[in-house]
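See below for the structure under consideration.
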Amino acid sequence: MNRYPLWKYILVLITLVLGVVYSLPNLFGESPAVQVSTAKSSAKLDPALLGQVEDILKQEKITYEAVFLDTNGVKVRFENADTQINAKDVLQGKLGKDYVVALNLISRSPSWLRSIGALPMYLGLDLRGGVHFLLQVDMKAALDKAAERYVGDFRSALRKERVAYMGVSREGQAVQVRFSSAAELEKAKKILNKEYPDLTFRDIDSGNDKLLIATLNLQAQKRIQEFALKQNIQTLHNRVNELGVAEPIIQQQGLDRIVIQLPGVQDTAKAKEILGRTATLEIRMVDEEKSDMTTLDKASKGQVPFGDEYYVERNGQPILVKKNVVLTGDYITDAGPGLDQQNGESVVHVTLDGRGARIFKQATKENVGKRMAILLIEKGQAEVITAPVIREEIGGGRVQISGMANVQEATDVSLLLRAGALAAPMDIIEERTVGPSMGEENIKRGWHSTLWGFAAIAVFMIIYYMLFGSVSVLALGVNLLLLTAVLSLLQATLTLPGLAAIALTLGMAIDANVLINERIREELRNGNTPQAAIHAGYDRAFDTILDSNVTTMIAGLALFMFGSGPVKGFAVVHVLGILTSMFSAVVVSRALVNLIYGYRRKISKLSIG
């Protein structure tokens with residue numbers, strides 16, 4: 001009657017073993033560490049950098065626990081924070097501006113646990129320490145940028161249809177096209193109206209000239225602003241990956257703000273530097289008419305001709321590039337590294353969208369025999385990576401960029417271009433740092449509240465229900481073990497609200513055991529035998545336990561669906577706690593009771609108070 005089949009005991013045993021294994025990594029804690037990553041796409045991230053970091057630390061006699069290379073960079077683990085900060089300063093000074101050295105925290109979990117996927121659960125900003133930013137997106141700049149794109153698009157469209165116009169310019173968020181005759185204006189208006197339905201067109205007289213003014217309609221403005229916000233969030237995600245941050249929080253707040261929380265990152269300045277990184281392409285024409293040696297020599301001394309910019313190519317040759325941008329990285333849909341079939345050099349293959357392909361085709365068609373400069377813009381600094389001569393019209397929307405130093409740079413540039421530039425500039429309107437010591441204090445308080453809550457429940461249950469109370473306490477311990485293991489296995493982020501949910505889960509989980517124990521007592525009072533009382537107690541209490549947990553789970557799911565931030569963290573732990581408590585209160589506790597009483601033929605009395 002009160003015996004489990006062998007497979008159920010094996011299931012409980014396997015569950016307990018897995019619970020212990022996947023909970024273990026949380027006991028080892030974290031060590032202060034520094035992470036070395038590349039600051040420029042041309043800088044290498046390879047085993048040679050690992051050796052360079054080791055050599056620097058040995059020369060400076062800085063002791064470290066471990067050093068290794070992963071996809072995010074070289075990570076060095078230290079015994080204490082003082083050594084960590086000293087090492088950070090030394091490495092930054094020795095490695096120079098090409099590398100970013102950031103403070104971080106790394107788990108002390110042994111490698112054999114990591115090899116089977118047993119990792120500690122992530123800790124939120126309030127428990128681990130880290131940096132918090134609130135950024136505001138400049139929506140006006142996003143609209144200005146959109147309007148700027150239409151300037152070039154209008155030129156291409158009107159040239160293609162052979163419409164005579166005097167000039168295209170941007171005034172704020174409006175694009176003005178100047179004509180000498182009303183007939184040409186009407187012709188252009190018809191063409192542009194058809195090709196750009198998001199724009200509202202109106203025409204006015206300006207002396208002898210006719211002006212066609214295009215402005216974005218309200219729906220287009222809203223769509224551009226929403227895209228700018230989403231694009232910035234995606235770009236920030238790609239940037240945060242370079243910091244090696246576990247479970248960063250990057251989410252929208254309101255209509256034009258983004259919240260970023262980076263647990264474990266202690267260096268606010270370096271975090272801001274990484275988040276500000278971006279790379280995009282600009283394609284411009286080389287000013288061939290002013291590229292004589294005298295003009296170039298004057299330009300190198302600061303006397304740059306009007307409408308041009310002075311650069312030095314990677315081969316050391318000076319060059320004058322027109323300020324007028326033919327094409328920007330906004331039109332890039334994909335980028336990947338490759339090799340030139342003719343000379344075996346590393347290149348980047350860039351794919352343009354439909355509009356970008358049309359603009360590029362038109363530009364190459366009109367400038368055959370001239371040089372076109374391709375600039376990589378990163379962190380506000382532009383660099384001419386190649387300036388080839390246009391041999392023929394290039395269509396199809398696929399562009400090959402040569403001039404890469406090596407395969408690694410081609411790969412890095414491709415990654416940066418795929419990540420894209422920020423769709424609109426952002427300002428940091430709030431920043432704060434939560435120190436590791438404050439996080440440790442929060443963990444200590446949360447741990448103490450859970451421990452004392454567990455102890456109080458255990459004392460009450462053992463005194464009131466005796467042996468069955470002890471079984472309930474063991475089941476409650478299993479519940480806590482399994483909940484920790486599941487959170488670690490799912491790599492969930494634990495925050496202070498999550499700790500509160502764990503404490504609440506303990507109180508709710510014991511409620512199921514109270515129902516079972518009281519039901520067994522009732523069956524005994526009704527005259528049933530001890531074995532029959534145990535059987536009936538578990539079976540008849542199950543429906544009540546299930547109903548109460550389902551209703552509580554519905555409330556938890558509602559909190560997860562409609563809540564945000566800390567509320568969601570609470571809801572996740574709460575729902576998982578309900579699932580583990582159902583298993584521990586019903587299956588584990590009954591397995592223990594069956595082992596104690598199930599194999600006895602005669603029982604005169606149950607130790608249930």
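Residue numbers start at 1 in each chain; chains themselves are named A, B, ... in the order of the structure tokens; ligands are numbered from 1 in the order shown.
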
Quick one: DSSP strand (DSSP E) residues in range 295-449 of chain A, as a VMD selection string?
chain A and resid 308 to 312 318 to 328 332 to 339 346 to 352 372 to 378 381 to 386 398 to 401 426 to 434

Using only C-alpha atoms, determine which residues lie at most 10 Å from Ile429 in chain A, disregarding the query and same-chain residues fewer than 3 positions distant; provide the list as number ranges by chain.
A: 133-136, 257, 426

Skipping near chain neighbours, those fewer than 3 positions away, what residues fall within 9 Å of range 527-544 of chain A using only C-alpha atoms, listed as an MDAnalysis selection string?
chainID A and resid 1:2 512 515:524 547:549 586 590 593 597:598 602:606

Taking 6 positions as the minimum chain separation for residues in the same chain, which residues sit within 12 Å of Val587 in chain A when counting only C-alpha atoms? Answer as a PyMOL selection string.
chain A and resi 4+8-9+11-13+15+471-472+475-476+478-479+512-513+516+538-539+542+579-581+593-594

Could you write those residues out with C-alpha atoms, as a PDB file, in the first residue's frame?
ATOM      1  CA  TYR A   4       6.969   2.950  -4.284  1.00  0.00           C
ATOM      2  CA  LYS A   8      10.386   5.961  -8.427  1.00  0.00           C
ATOM      3  CA  TYR A   9      13.102   5.620  -5.799  1.00  0.00           C
ATOM      4  CA  LEU A  11      14.041   8.845 -10.035  1.00  0.00           C
ATOM      5  CA  VAL A  12      14.147  10.592  -6.648  1.00  0.00           C
ATOM      6  CA  LEU A  13      17.798   9.568  -6.146  1.00  0.00           C
ATOM      7  CA  THR A  15      16.999  14.075  -9.035  1.00  0.00           C
ATOM      8  CA  VAL A 471      10.429  14.337   7.006  1.00  0.00           C
ATOM      9  CA  SER A 472       8.741  17.606   6.009  1.00  0.00           C
ATOM     10  CA  ALA A 475      11.599  17.639   1.881  1.00  0.00           C
ATOM     11  CA  LEU A 476      11.817  21.397   2.370  1.00  0.00           C
ATOM     12  CA  VAL A 478      15.333  19.179  -1.036  1.00  0.00           C
ATOM     13  CA  ASN A 479      12.997  21.870  -2.383  1.00  0.00           C
ATOM     14  CA  ALA A 512       1.640  21.364   1.478  1.00  0.00           C
ATOM     15  CA  ASN A 513       3.292  19.185   4.124  1.00  0.00           C
ATOM     16  CA  ILE A 516      -0.701  16.174   4.336  1.00  0.00           C
ATOM     17  CA  TYR A 538      -1.307  11.764   0.766  1.00  0.00           C
ATOM     18  CA  ASP A 539      -3.983  10.867  -1.804  1.00  0.00           C
ATOM     19  CA  PHE A 542      -3.116  16.068  -3.241  1.00  0.00           C
ATOM     20  CA  LEU A 579       7.076  23.450  -9.312  1.00  0.00           C
ATOM     21  CA  THR A 580       9.942  22.226  -7.100  1.00  0.00           C
ATOM     22  CA  SER A 581       7.784  22.412  -3.965  1.00  0.00           C
ATOM     23  CA  VAL A 593       7.736   8.048   4.660  1.00  0.00           C
ATOM     24  CA  ASN A 594       7.453   4.888   2.545  1.00  0.00           C
TER      25      ASN A 594
END

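Residue nearest Ala458 in chain A, chosen from A:Lys230, A:Ile258, A:Ile510, A:Ile213 and counting only C-alpha atoms: A:Ile510.
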
Could you give me, as a VMD selection string, the residues within 9 Å of Ile502 in chain A, counting only C-alpha atoms and dropping anything in the same chain fewer than 6 positions from it?
chain A and resid 450 480 483 570 573 to 574 577

Contacts of Asp82 in chain A at 12 Å (only C-alpha atoms; same-chain gap of 4+ positions) as number ranges by chain
A: 31-34, 62-64, 78, 86-89, 103

Using DSSP on the backbone, list every residue of range 331-563 of chain A that comes out as alpha helix (DSSP H), and give them as JSON, numbers by chain.
{"A": [354, 355, 356, 357, 358, 359, 360, 361, 362, 363, 364, 365, 366, 407, 408, 409, 410, 411, 412, 413, 414, 415, 416, 417, 418, 419, 436, 437, 438, 439, 440, 441, 442, 443, 444, 445, 446, 447, 448, 449, 450, 451, 452, 453, 454, 455, 456, 457, 458, 459, 460, 461, 462, 463, 464, 465, 466, 467, 468, 469, 470, 471, 472, 473, 474, 475, 476, 477, 478, 479, 480, 481, 482, 483, 484, 485, 486, 487, 488, 489, 496, 497, 498, 499, 500, 501, 502, 503, 504, 505, 506, 507, 508, 509, 510, 511, 512, 513, 514, 515, 516, 517, 518, 519, 520, 521, 522, 523, 524, 525, 530, 531, 532, 533, 534, 535, 536, 537, 538, 539, 540, 541, 542, 543, 544, 545, 546, 547, 548, 549, 550, 551, 552, 553, 554, 555, 556, 557, 558, 559, 560, 561, 562]}

Spatial neighbours of range 119-128 of chain A, max dist 9 Å, only C-alpha atoms, sep filter under 2 positions, as a ChimeraX atom specification:
/A:22-29,105,107,109,113-114,116-117,130-132,246-248,261-264,434-443,484-485,487-496

Please report the interatomic distance between CA of Val286 in chain A and CA of Arg358 in chain A in Å with one decimal.
20.3 Å

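If only C-alpha atoms are the atoms counted, then among A:Val137, A:Lys323, A:Ile283, A:Ile250 the closest residue to His237 in chain A is A:Ile250.
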
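With only C-alpha atoms as the atoms that count, the minimum distance from Val347 in chain A to the choices A:Gln362, A:Gln231, A:Asn315, A:Gln400 is reached by A:Gln400.
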